[in-house]
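Peer 1: Contents of coords.cif (mmCIF, C-alpha atoms and all ligand atoms) are below:
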```cif
data_data
loop_
_atom_site.label_atom_id
_atom_site.label_comp_id
_atom_site.auth_asym_id
_atom_site.auth_seq_id
_atom_site.Cartn_x
_atom_site.Cartn_y
_atom_site.Cartn_z
CA MET A 1 41.89 224.27 43.41
CA PRO A 2 39.55 222.84 46.11
CA TYR A 3 36.94 220.45 44.90
CA LEU A 4 34.86 219.29 47.86
CA HIS A 5 34.37 221.41 50.99
CA GLY A 6 33.50 220.13 54.45
CA GLU A 7 33.35 222.04 57.72
CA ARG A 8 36.99 221.57 58.67
CA ILE A 9 38.52 219.86 55.67
CA ARG A 10 38.47 220.11 51.93
CA LEU A 11 39.47 217.73 49.16
CA ARG A 12 41.50 218.76 46.13
CA ALA A 13 43.33 217.05 43.28
CA ALA A 14 46.72 215.53 44.07
CA GLU A 15 49.65 217.33 42.40
CA LYS A 16 53.14 216.14 41.54
CA GLU A 17 54.40 218.59 44.16
CA ASP A 18 52.60 216.54 46.84
CA ILE A 19 54.89 213.55 46.22
CA PRO A 20 57.46 214.39 48.96
CA VAL A 21 54.77 214.61 51.62
CA PHE A 22 53.12 211.42 50.33
CA LEU A 23 56.52 209.71 50.65
CA ASN A 24 56.78 210.76 54.31
CA TRP A 25 53.39 209.23 55.02
CA ILE A 26 53.74 205.98 53.13
CA ASN A 27 57.18 205.27 54.56
CA ASP A 28 55.90 205.57 58.13
CA PRO A 29 55.14 202.07 59.51
CA ASP A 30 52.59 203.48 61.97
CA VAL A 31 50.59 204.72 58.98
CA THR A 32 51.13 201.76 56.66
CA LYS A 33 50.49 198.93 59.14
CA ASN A 34 46.80 199.18 58.29
CA LEU A 35 47.31 199.67 54.56
CA MET A 36 48.27 197.29 51.79
CA LEU A 37 51.81 198.68 51.72
CA VAL A 38 54.63 196.47 52.96
CA TYR A 39 57.74 197.71 51.18
CA PRO A 40 59.61 201.00 51.50
CA MET A 41 58.58 203.33 48.66
CA SER A 42 61.21 205.25 46.68
CA ARG A 43 60.63 208.61 45.05
CA PHE A 44 60.95 206.94 41.64
CA GLU A 45 58.25 204.38 42.46
CA GLU A 46 55.99 207.05 43.87
CA GLU A 47 56.41 209.16 40.71
CA GLN A 48 55.55 206.11 38.60
CA TRP A 49 52.49 205.47 40.78
CA TYR A 50 51.45 209.11 40.31
CA GLU A 51 51.81 208.93 36.52
CA SER A 52 49.77 205.71 36.31
CA MET A 53 47.11 207.11 38.66
CA MET A 54 46.76 210.14 36.36
CA GLN A 55 46.08 207.79 33.43
CA ARG A 56 43.04 206.46 35.27
CA PRO A 57 39.61 208.13 34.83
CA SER A 58 39.28 211.41 36.78
CA SER A 59 36.58 209.83 38.97
CA GLU A 60 39.26 207.51 40.42
CA HIS A 61 42.03 210.05 41.02
CA VAL A 62 43.48 210.37 44.49
CA MET A 63 42.41 213.51 46.33
CA VAL A 64 44.37 215.34 49.01
CA ILE A 65 42.64 215.98 52.35
CA GLU A 66 43.51 219.46 53.60
CA LEU A 67 42.68 221.27 56.82
CA ILE A 68 40.81 224.48 56.09
CA THR A 69 42.79 227.30 57.68
CA GLN A 70 42.05 230.99 57.79
CA THR A 71 45.60 232.16 57.05
CA PRO A 72 45.93 235.18 54.72
CA ASP A 73 48.09 233.21 52.25
CA GLU A 74 45.32 230.60 51.95
CA LYS A 75 47.87 227.86 52.64
CA HIS A 76 45.97 224.76 53.71
CA ASN A 77 47.74 221.89 55.41
CA PRO A 78 47.56 218.51 53.69
CA ILE A 79 46.89 215.71 56.20
CA GLY A 80 46.17 212.72 53.98
CA THR A 81 44.62 211.28 50.85
CA CYS A 82 41.43 209.55 49.84
CA GLN A 83 39.98 208.03 46.71
CA LEU A 84 37.06 206.29 45.10
CA HIS A 85 38.29 203.40 42.97
CA ASN A 86 37.12 200.16 41.39
CA ILE A 87 34.14 202.13 40.11
CA ASP A 88 31.63 199.81 38.49
CA TRP A 89 29.27 202.03 36.49
CA ARG A 90 26.84 199.28 35.52
CA ASN A 91 26.22 198.23 39.12
CA ARG A 92 26.83 201.78 40.41
CA SER A 93 29.27 200.65 43.06
CA ALA A 94 32.70 201.91 44.12
CA GLU A 95 35.36 201.13 46.69
CA VAL A 96 36.70 203.89 48.89
CA GLY A 97 40.14 204.28 50.44
CA ILE A 98 41.61 206.74 52.93
CA MET A 99 44.93 207.50 54.58
CA ILE A 100 45.42 210.26 57.12
CA GLY A 101 49.19 210.42 57.05
CA GLU A 102 49.61 213.10 59.72
CA LYS A 103 49.47 211.07 62.91
CA THR A 104 48.82 214.15 65.05
CA CYS A 105 45.52 214.42 63.17
CA TRP A 106 44.21 210.98 64.14
CA ASP A 107 41.18 210.70 66.41
CA LEU A 108 40.05 214.26 65.71
CA GLY A 109 37.14 213.31 63.49
CA TYR A 110 38.82 214.15 60.17
CA GLY A 111 38.55 210.57 58.87
CA THR A 112 34.83 210.54 59.60
CA GLU A 113 34.37 213.93 57.94
CA THR A 114 36.34 212.82 54.88
CA MET A 115 34.21 209.70 54.52
CA ARG A 116 31.04 211.78 54.77
CA LEU A 117 32.34 214.08 52.02
CA LEU A 118 33.17 211.09 49.82
CA LEU A 119 29.68 209.67 50.36
CA THR A 120 28.14 213.01 49.37
CA HIS A 121 30.36 213.03 46.30
CA GLY A 122 29.72 209.39 45.38
CA PHE A 123 25.97 209.32 45.96
CA GLY A 124 25.00 212.94 45.37
CA ILE A 125 27.24 213.78 42.40
CA LEU A 126 28.30 210.50 40.79
CA ASN A 127 24.93 208.79 41.39
CA LEU A 128 26.48 205.63 42.84
CA ASN A 129 24.28 203.17 44.73
CA ARG A 130 26.83 201.33 46.88
CA ILE A 131 30.09 202.50 48.40
CA TRP A 132 32.19 199.89 50.14
CA LEU A 133 35.56 199.44 51.76
CA GLN A 134 37.93 196.87 53.17
CA VAL A 135 39.43 197.37 56.62
CA TYR A 136 41.68 195.13 58.67
CA ALA A 137 39.72 193.73 61.64
CA LYS A 138 42.47 194.99 63.96
CA ASN A 139 42.06 198.58 62.73
CA LYS A 140 39.60 199.60 65.46
CA ARG A 141 40.11 203.30 64.79
CA GLY A 142 39.22 202.88 61.13
CA ILE A 143 36.18 200.70 61.86
CA ARG A 144 34.86 203.21 64.39
CA ALA A 145 35.38 206.14 61.99
CA TYR A 146 33.55 204.31 59.19
CA GLU A 147 30.65 203.38 61.48
CA LYS A 148 30.33 207.04 62.48
CA ALA A 149 30.21 207.97 58.80
CA GLY A 150 27.36 205.47 58.22
CA PHE A 151 29.12 202.30 57.03
CA THR A 152 27.70 198.91 58.08
CA TYR A 153 29.59 195.66 58.60
CA GLU A 154 28.86 193.40 55.66
CA GLY A 155 31.09 190.37 56.13
CA LYS A 156 34.71 189.35 56.24
CA PHE A 157 37.53 187.70 54.37
CA ARG A 158 38.81 185.22 56.94
CA GLN A 159 42.52 185.33 57.77
CA ALA A 160 43.15 187.37 54.64
CA LEU A 161 45.99 189.41 56.13
CA TYR A 162 49.31 188.06 57.36
CA GLN A 163 51.20 190.50 59.56
CA ASP A 164 53.70 190.20 62.41
CA GLY A 165 53.57 186.42 62.43
CA ARG A 166 49.80 185.94 62.50
CA TYR A 167 46.68 186.13 60.38
CA TYR A 168 43.91 188.69 60.69
CA ASP A 169 40.45 188.92 59.16
CA VAL A 170 39.64 191.69 56.71
CA HIS A 171 36.21 193.27 57.12
CA LEU A 172 33.94 194.52 54.37
CA MET A 173 31.77 197.53 55.15
CA SER A 174 29.37 199.43 52.93
CA VAL A 175 26.75 202.15 52.68
CA LEU A 176 23.81 202.11 50.27
CA LYS A 177 22.42 205.28 48.76
CA ASP A 178 19.04 204.83 50.53
CA GLU A 179 20.78 204.56 53.91
CA TRP A 180 22.84 207.67 53.22
CA GLN A 181 19.73 209.53 52.05
CA GLY A 182 17.89 208.46 55.22
CA GLU A 183 20.68 209.73 57.48
CA LYS A 184 20.87 212.95 55.51
CA ASN A 185 17.12 213.54 55.88
CA GLN A 186 17.32 212.83 59.63
CA SER A 187 20.15 215.30 60.11
CA GLY A 188 18.16 217.90 58.12
CA ASP A 189 20.90 218.47 55.50
C1 LIG B 1 41.73 205.12 59.99
C2 LIG B 1 41.61 206.63 59.82
C3 LIG B 1 41.11 206.95 58.41
C4 LIG B 1 40.57 207.16 60.82
O1 LIG B 1 40.51 208.56 60.74
P1 LIG B 1 40.55 209.43 62.08
O2 LIG B 1 40.38 210.84 61.71
O3 LIG B 1 41.75 209.06 62.87
O4 LIG B 1 39.24 208.86 62.82
P2 LIG B 1 38.08 209.66 63.58
O5 LIG B 1 38.69 210.63 64.54
O6 LIG B 1 37.12 210.19 62.59
O7 LIG B 1 37.38 208.46 64.36
C5 LIG B 1 38.17 207.58 65.11
C6 LIG B 1 37.33 206.90 66.18
O8 LIG B 1 37.98 205.71 66.61
C7 LIG B 1 38.14 205.73 68.00
N1 LIG B 1 39.30 204.92 68.30
C8 LIG B 1 40.62 205.21 68.20
N2 LIG B 1 41.36 204.16 68.58
C9 LIG B 1 40.48 203.18 68.91
C10 LIG B 1 40.65 201.84 69.38
N3 LIG B 1 41.85 201.31 69.57
N4 LIG B 1 39.53 201.11 69.63
C11 LIG B 1 38.30 201.63 69.43
N5 LIG B 1 38.08 202.90 68.98
C12 LIG B 1 39.19 203.65 68.73
C13 LIG B 1 38.27 207.19 68.32
O9 LIG B 1 38.04 207.44 69.70
C14 LIG B 1 37.18 207.76 67.41
O10 LIG B 1 35.89 207.47 67.91
P3 LIG B 1 35.00 208.54 68.75
O11 LIG B 1 34.90 209.78 67.92
O12 LIG B 1 33.69 207.84 68.95
O13 LIG B 1 35.75 208.80 70.03
C15 LIG B 1 42.97 207.34 60.06
O14 LIG B 1 43.33 207.21 61.44
C16 LIG B 1 44.08 206.81 59.19
O15 LIG B 1 44.11 207.10 58.01
N6 LIG B 1 45.00 205.99 59.76
C17 LIG B 1 46.18 205.47 59.04
C18 LIG B 1 45.91 204.67 57.76
C19 LIG B 1 44.68 203.81 57.84
O16 LIG B 1 44.46 203.07 58.78
N7 LIG B 1 43.85 203.91 56.78
C20 LIG B 1 42.61 203.17 56.69
C21 LIG B 1 42.79 201.86 56.06
S1 LIG B 1 41.24 200.99 55.92
#
```
Could you write out this structure as structure tokens?

Peer 2:
Amino acid sequence: MPYLHGERIRLRAAEKEDIPVFLNWINDPDVTKNLMLVYPMSRFEEEQWYESMMQRPSSEHVMVIELITQTPDEKHNPIGTCQLHNIDWRNRSAEVGIMIGEKTCWDLGYGTETMRLLLTHGFGILNLNRIWLQVYAKNKRGIRAYEKAGFTYEGKFRQALYQDGRYYDVHLMSVLKDEWQGEKNQSGD
């Protein structure tokens, strides 16, 4: 059942049946080199992760990003996942995460569109005030996509990532509700 609709993508709840495709994505080093995943993931571990994720509040469940297709069987292709997590209801803040696992779908604007949908969801439906993320400084694609979606550089954790024999900074980026509202008003939405 779709939950959030964009122009070219939609977000829906993750199902147990998605686990095999998740495993393909999270065992691909090209995908995981910019994620906090460093070990191969077994089906058993992924099933355990799924069960524990489902114990979390619904607001923090992982959602599947699907391409909207016009096929008669209504079969939509999953291309990745995204999630709001670390939701802090008192301060109305949440962290956001995204993984487009289908590499052929990179650089086509889907990450930007997903982030915009999550901002609409977080600010417009959940009434959050601040949505933030962490991104490795070397992940230029991610940083560019987040900037396009309205995120601003906020600071960095210095040398917080060790990978391939060297340290990298980890950037913090965020959007405030007022900023999102301002952009929305400008675009006439
Ligand atoms: C990071 C990710 C979410 C971005 O989504 P995406 O759909 O590929 O990104 P978009 O197409 O919306 O935007 C990418 C932008 O980065 C640009 N870009 C790509 N490689 C770049 C590079 N090396 N340097 C600078 N810009 C780059 C693209 O040209 C595009 O900008 P443009 O539209 O101005 O031309 C997605 O690629 C992904 O999930 N990757 C694997 C896992 C990951 O990195 N997750 C995020 C962890 S924080």

Peer 1: Considering only C-alpha atoms and all ligand atoms, state which residue in the set A:Leu35, A:Met53, A:Leu118, A:Ile131 is at the smallest distance from ligand LIG 1 (chain B).

Peer 2: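 Ranked by minimum distance to ligand LIG 1 (chain B), first place goes to A:Leu35.
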
Peer 1: Please provide as a list in words all residues within 9 Å of range 166-173 of chain A, with the sequence filter that same-chain residues fewer than 6 positions apart are discarded (counting all atoms listed in the file).

Peer 2: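 Listed by chain and then number, they are Ile131, Trp132, Leu133, Gln134, Val135, Tyr136, Ala137, Lys138, Ile143, Tyr146, Glu147, Phe151, Thr152, Tyr153, Glu154, Gly155, Lys156, Phe157, Arg158, Gln159 and Ala160 of chain A.
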
Peer 1: Find the residues near ligand LIG 1 (chain B). Use a cut-off of 6 Å, count only C-alpha atoms and all ligand atoms, and write them as a PyMOL selection string.

Peer 2: chain A and resi 31+34-35+98-100+106-112+134-135+140-142+144-145

Peer 1: Using only C-alpha atoms, which residue out of A:Glu66, A:Asp18, A:Glu102, A:Glu95 lies closest to Val175 in chain A?

Peer 2: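 Of A:Glu66, A:Asp18, A:Glu102, A:Glu95, the one nearest Val175 in chain A, counting only C-alpha atoms, is A:Glu95.
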
Peer 1: Would you mind reading off the distance between CA of Thr81 in chain A and CA of Met63 in chain A, one decimal, in Å?

Peer 2: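 About the pair CA of Thr81 in chain A and CA of Met63 in chain A: they are 5.5 Å apart.
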
Peer 1: Name the closest residue to Thr120 in chain A among the candidates A:Glu51, A:Asp164, A:Glu45, A:Glu183; distances are taken between atoms, counting all atoms listed in the file.

Peer 2: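 Closest residue, counting all atoms listed in the file: A:Glu183.
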
Peer 1: If I take CA of Ile79 in chain A and CA of Arg12 in chain A, how far is one from the other in Å, to one decimal?

Peer 2: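 That distance, rounded to one decimal, is 11.8 Å.
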
Peer 1: Around (31.8, 213.7, 53.8) in the file's own coordinates, what residues are found within 10 Å if you use all atoms listed in the file, given back as a VMD selection string?

Peer 2: chain A and resid 4 to 7 9 to 11 110 to 122 149

Peer 1: Hey, what's within 7 Å of Pro78 in chain A if we count all atoms listed in the file and toss same-chain stuff fewer than 3 positions away? As a count of residues only, please?

Peer 2: 4

Peer 1: Expressed in Å to a single decimal, how great is the separation between CA of Asp28 in chain A and CA of Val62 in chain A?

Peer 2: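 Those two atoms sit 19.1 Å apart.
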
Peer 1: For Ser59 in chain A, which residue among A:Trp180, A:Trp89, A:Phe44, A:Phe22 is the nearest when counting all atoms listed in the file?

Peer 2: A:Trp89

Peer 1: Find, counting only C-alpha atoms, the residue in A:Leu126, A:Ala94, A:Met54, A:Leu37 that gets nearest to Trp25 in chain A.

Peer 2: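 Among the listed residues, the smallest separation from Trp25 in chain A belongs to A:Leu37.
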